[in-house]
Amino acid sequence: MSLARNIINELERLPSATVYGRVSHIVGLMIEIEGLQGALSVGDRCRIIGRRDNTVACEVVGFRDARALALPFGPIEGVGLGCRVEVSDVDPAIYPDASWLGRLVNGFGEAADGKGPLSAGEHRYRVHNRPPPAHARQRIGVKVDLGVRAMNVFLTCCGGQRMGIFAGSGIGKSTLLSMMARNTNAEVNVIGLIGERSREAREFIEDDLGEEGLKRSVVVVSTSDEGPLIRRQAAYVTLAVAEYFRDQGRSVLCLMDSITRFAMAQREIGLTAGEPPTSRGYTPSVFAELPKLLERAGPGREGQGNITALFTVLVEGDDHNEPVADSVRGILDGHVVLDRPIAERGRYPAINVLRSISRTMPNCNTEAENAIVDRTRRLIASYEDMAELIRLGAYRRGSDPAVDEAIRYYPAIENFLRQGKQDRTELTECYRLLAQVLDMPPPQ
């Protein structure tokens, strides 16, 4: 039945007529096509028939002097002047299905794990879909258990919330994502590895995510050696798959690593198309595409599920105010900051709870839970303010009662925040453990 459905879907997508043009100019990866002025618009797809009987898929990114400007999805060997160009899928889409759980998918929505073709679902999902209207969306849902103590207590995430994980390279973003994917109580994980190192993709799936995590996950992978169009499309496909499970009434956790590589892919596309570079070389289209992607996550319409999303942001040079980080932080519902100094002293996950924030807090907590969180933050802040003097031995006990109290509790708080990759702590247990550390009554 799945094979028959796949064939029917492909037949329905065949165009009633084929329109042809030809390649008129090639500079780098930019291909100019003439003869298709009235048949193409920005975002449409076309196929170039190369001289080696190969086919190169392209996407239209702009127009110049009545010629379409197209970028290829793959290598352009065999493409030359005069090669025939035919219009293909003008509105790319995928057909997700529940059987995709446990599978690895590429940027075209095709199987990438060698386990055979994917079954096609009944409903068509546009790759460049639009988010639900603001007035039709549900409110943020109940708390989502992420299984990570620092996240559950200090950065509580609710159903339909979108948060960013901001960090430099090598501080543990991917490991934190894998811990949440493996330990969450969400029904479905949709994980997008955008511009990932090809060596690390398999390691992430087999070692970090594990067999149990993969069973309820769909992993979309686009490696760093692939073209910018595929890397960008992999991010859109990740959200399209998440939207499918949301529409089935499921609670979806969407994890994407990373938004920065999505922005870099869009920058490459924009610069090739002739856009002027603005802040740090990023083109205006980058900042136009970011909200279009990020707003697709969140609560669904009434009667649907929700997409709780965590997007990693690779900050350049550990500068958390660089353009992409600043733009993403303004769109999302909270941010998690991973600090290199914390990682260097061996505490993982290296979350700086003072610099991080969840915009659903404190409204999602009880008064007892907020009291525990607020007191812990005050203790950490008091210790960090005097950390240098304490380490140098220049602080005298008894000088400040608040600092004395912070010194007493700080090692136990650090131990609470430290968590191994395989360790899982339930949401309610997190508050009980922290209350025990602070000699406070546990919340009821």
# chains A, B, ... in the order shown; residues from 1 in each chain; ligands from 1
$ select_by_dssp --residues "stretch 168-310 of chain A" --states "helix (DSSP H, G or I)" --output "PyMOL selection string"
chain A and resi 173-183+198-215+228-247+259-272+279-281+284-294
$ closest_atom_pairs --of "stretch 171-255 of chain A" --to "stretch 90-113 of chain A" --cutoff "8 Å" --atoms "only C-alpha atoms" --output "JSON lines"
{"residue": "A:Leu214", "atom": "CA", "partner": "A:Gly102", "partner_atom": "CA", "distance": 5.0}
{"residue": "A:Lys215", "atom": "CA", "partner": "A:Gly102", "partner_atom": "CA", "distance": 4.5}
{"residue": "A:Arg216", "atom": "CA", "partner": "A:Leu101", "partner_atom": "CA", "distance": 5.5}
{"residue": "A:Ser217", "atom": "CA", "partner": "A:Leu101", "partner_atom": "CA", "distance": 5.2}
{"residue": "A:Val218", "atom": "CA", "partner": "A:Leu101", "partner_atom": "CA", "distance": 5.1}
{"residue": "A:Val219", "atom": "CA", "partner": "A:Leu104", "partner_atom": "CA", "distance": 4.9}
{"residue": "A:Val220", "atom": "CA", "partner": "A:Val105", "partner_atom": "CA", "distance": 4.7}
{"residue": "A:Val221", "atom": "CA", "partner": "A:Asn106", "partner_atom": "CA", "distance": 5.3}
{"residue": "A:Ser222", "atom": "CA", "partner": "A:Gly107", "partner_atom": "CA", "distance": 6.0}
{"residue": "A:Ile230", "atom": "CA", "partner": "A:Gly107", "partner_atom": "CA", "distance": 5.6}
{"residue": "A:Arg231", "atom": "CA", "partner": "A:Gly107", "partner_atom": "CA", "distance": 6.9}
{"residue": "A:Gln233", "atom": "CA", "partner": "A:Gly107", "partner_atom": "CA", "distance": 5.7}
{"residue": "A:Ala234", "atom": "CA", "partner": "A:Gly107", "partner_atom": "CA", "distance": 4.0}
{"residue": "A:Ala235", "atom": "CA", "partner": "A:Gly107", "partner_atom": "CA", "distance": 7.8}
{"residue": "A:Val237", "atom": "CA", "partner": "A:Gly107", "partner_atom": "CA", "distance": 6.5}
{"residue": "A:Ala240", "atom": "CA", "partner": "A:Ile94", "partner_atom": "CA", "distance": 7.8}
{"residue": "A:Val241", "atom": "CA", "partner": "A:Pro96", "partner_atom": "CA", "distance": 6.1}
{"residue": "A:Tyr244", "atom": "CA", "partner": "A:Pro96", "partner_atom": "CA", "distance": 6.6}
{"residue": "A:Phe245", "atom": "CA", "partner": "A:Ala98", "partner_atom": "CA", "distance": 7.8}
$ write_last_selection --atoms "C-alpha atoms" --output "mmCIF file, in the first residue's frame"
data_model
loop_
_atom_site.group_PDB
_atom_site.id
_atom_site.type_symbol
_atom_site.label_atom_id
_atom_site.label_comp_id
_atom_site.auth_asym_id
_atom_site.auth_seq_id
_atom_site.Cartn_x
_atom_site.Cartn_y
_atom_site.Cartn_z
ATOM 1 C CA LEU A 214 15.935 7.229 17.987
ATOM 2 C CA LYS A 215 12.762 5.109 18.216
ATOM 3 C CA ARG A 216 10.642 8.213 18.785
ATOM 4 C CA SER A 217 12.696 10.588 16.650
ATOM 5 C CA VAL A 218 12.970 11.709 13.048
ATOM 6 C CA VAL A 219 16.462 13.003 12.286
ATOM 7 C CA VAL A 220 16.989 15.364 9.327
ATOM 8 C CA VAL A 221 20.653 15.619 8.340
ATOM 9 C CA SER A 222 22.473 17.963 5.993
ATOM 10 C CA ILE A 230 20.343 21.866 0.715
ATOM 11 C CA ARG A 231 21.531 23.089 4.122
ATOM 12 C CA GLN A 233 16.156 23.374 2.922
ATOM 13 C CA ALA A 234 17.029 20.799 5.603
ATOM 14 C CA ALA A 235 15.965 23.361 8.218
ATOM 15 C CA VAL A 237 12.087 20.145 6.092
ATOM 16 C CA ALA A 240 7.622 20.547 8.005
ATOM 17 C CA VAL A 241 8.040 17.124 9.652
ATOM 18 C CA TYR A 244 2.953 16.934 10.520
ATOM 19 C CA PHE A 245 3.208 15.371 13.989
#
$ residues_around --residues "stretch 305-311 of chain A" --least-positions-apart "4" --cutoff "10 Å" --atoms "only C-alpha atoms" --output "PyMOL selection string"
chain A and resi 137-141+144+157-166+173+177+180+186+188-192+239+242-260+294+296-301+328+332-336
$ residues_around --residues "stretch 28-32 of chain A" --least-positions-apart "2" --cutoff "9 Å" --atoms "only C-alpha atoms" --output "number ranges by chain"
A: 22-26, 34, 58, 63-64, 67-72, 75-76, 272-273
$ write_last_selection --atoms "N, CA, C and O atoms" --output "mmCIF file, in the first residue's frame"
data_model
loop_
_atom_site.group_PDB
_atom_site.id
_atom_site.type_symbol
_atom_site.label_atom_id
_atom_site.label_comp_id
_atom_site.auth_asym_id
_atom_site.auth_seq_id
_atom_site.Cartn_x
_atom_site.Cartn_y
_atom_site.Cartn_z
ATOM 1 N N ARG A 22 17.121 27.610 -21.598
ATOM 2 C CA ARG A 22 18.491 27.149 -21.800
ATOM 3 C C ARG A 22 19.458 27.985 -20.973
ATOM 4 O O ARG A 22 19.166 29.145 -20.630
ATOM 5 N N VAL A 23 20.596 27.386 -20.667
ATOM 6 C CA VAL A 23 21.631 28.062 -19.888
ATOM 7 C C VAL A 23 22.316 29.091 -20.777
ATOM 8 O O VAL A 23 22.772 28.774 -21.889
ATOM 9 N N SER A 24 22.394 30.350 -20.281
ATOM 10 C CA SER A 24 23.003 31.404 -21.083
ATOM 11 C C SER A 24 24.295 31.950 -20.482
ATOM 12 O O SER A 24 25.084 32.581 -21.181
ATOM 13 N N HIS A 25 24.519 31.697 -19.188
ATOM 14 C CA HIS A 25 25.703 32.272 -18.548
ATOM 15 C C HIS A 25 25.965 31.519 -17.254
ATOM 16 O O HIS A 25 25.031 31.115 -16.550
ATOM 17 N N ILE A 26 27.249 31.304 -16.908
ATOM 18 C CA ILE A 26 27.624 30.641 -15.654
ATOM 19 C C ILE A 26 28.808 31.393 -15.055
ATOM 20 O O ILE A 26 29.836 31.587 -15.715
ATOM 21 N N GLU A 34 17.781 31.644 -19.715
ATOM 22 C CA GLU A 34 16.898 32.476 -20.537
ATOM 23 C C GLU A 34 15.821 31.610 -21.162
ATOM 24 O O GLU A 34 15.946 30.397 -21.288
ATOM 25 N N CYS A 58 18.016 22.797 -9.548
ATOM 26 C CA CYS A 58 18.346 24.185 -9.194
ATOM 27 C C CYS A 58 17.143 24.868 -8.574
ATOM 28 O O CYS A 58 16.002 24.419 -8.717
ATOM 29 N N PHE A 63 16.348 37.436 -10.493
ATOM 30 C CA PHE A 63 16.270 37.693 -11.935
ATOM 31 C C PHE A 63 17.175 38.869 -12.283
ATOM 32 O O PHE A 63 17.385 39.779 -11.471
ATOM 33 N N ARG A 64 17.696 38.833 -13.525
ATOM 34 C CA ARG A 64 18.516 39.935 -14.012
ATOM 35 C C ARG A 64 18.378 40.010 -15.539
ATOM 36 O O ARG A 64 18.624 39.022 -16.229
ATOM 37 N N ARG A 67 16.544 37.349 -17.376
ATOM 38 C CA ARG A 67 17.087 36.006 -17.193
ATOM 39 C C ARG A 67 16.928 35.589 -15.733
ATOM 40 O O ARG A 67 17.082 36.412 -14.821
ATOM 41 N N ALA A 68 16.616 34.307 -15.542
ATOM 42 C CA ALA A 68 16.485 33.772 -14.187
ATOM 43 C C ALA A 68 17.857 33.414 -13.642
ATOM 44 O O ALA A 68 18.702 32.871 -14.358
ATOM 45 N N LEU A 69 18.090 33.718 -12.375
ATOM 46 C CA LEU A 69 19.334 33.372 -11.686
ATOM 47 C C LEU A 69 19.054 32.167 -10.796
ATOM 48 O O LEU A 69 18.178 32.206 -9.923
ATOM 49 N N ALA A 70 19.784 31.094 -11.027
ATOM 50 C CA ALA A 70 19.529 29.851 -10.307
ATOM 51 C C ALA A 70 20.794 29.338 -9.635
ATOM 52 O O ALA A 70 21.904 29.502 -10.154
ATOM 53 N N LEU A 71 20.611 28.723 -8.474
ATOM 54 C CA LEU A 71 21.702 28.059 -7.768
ATOM 55 C C LEU A 71 21.461 26.554 -7.780
ATOM 56 O O LEU A 71 20.327 26.108 -7.589
ATOM 57 N N PRO A 72 22.502 25.748 -7.958
ATOM 58 C CA PRO A 72 22.324 24.294 -8.016
ATOM 59 C C PRO A 72 22.297 23.674 -6.618
ATOM 60 O O PRO A 72 22.898 24.186 -5.678
ATOM 61 N N PRO A 75 26.683 19.335 -7.522
ATOM 62 C CA PRO A 75 27.770 19.698 -8.438
ATOM 63 C C PRO A 75 27.235 20.032 -9.835
ATOM 64 O O PRO A 75 26.224 19.482 -10.280
ATOM 65 N N ILE A 76 27.948 20.922 -10.542
ATOM 66 C CA ILE A 76 27.478 21.358 -11.872
ATOM 67 C C ILE A 76 28.389 20.847 -12.983
ATOM 68 O O ILE A 76 28.380 21.394 -14.086
ATOM 69 N N THR A 272 25.678 35.325 -3.428
ATOM 70 C CA THR A 272 25.786 34.833 -4.803
ATOM 71 C C THR A 272 24.753 35.492 -5.702
ATOM 72 O O THR A 272 25.012 35.757 -6.883
ATOM 73 N N ALA A 273 23.563 35.759 -5.145
ATOM 74 C CA ALA A 273 22.506 36.404 -5.929
ATOM 75 C C ALA A 273 22.712 37.898 -6.097
ATOM 76 O O ALA A 273 21.954 38.560 -6.813
#
$ select_by_dssp --residues "stretch 175-378 of chain A" --states "strand (DSSP E)" --output "number ranges by chain"
A: 188-196, 217-223, 251-257, 298-299, 306-314, 334-337, 357-358
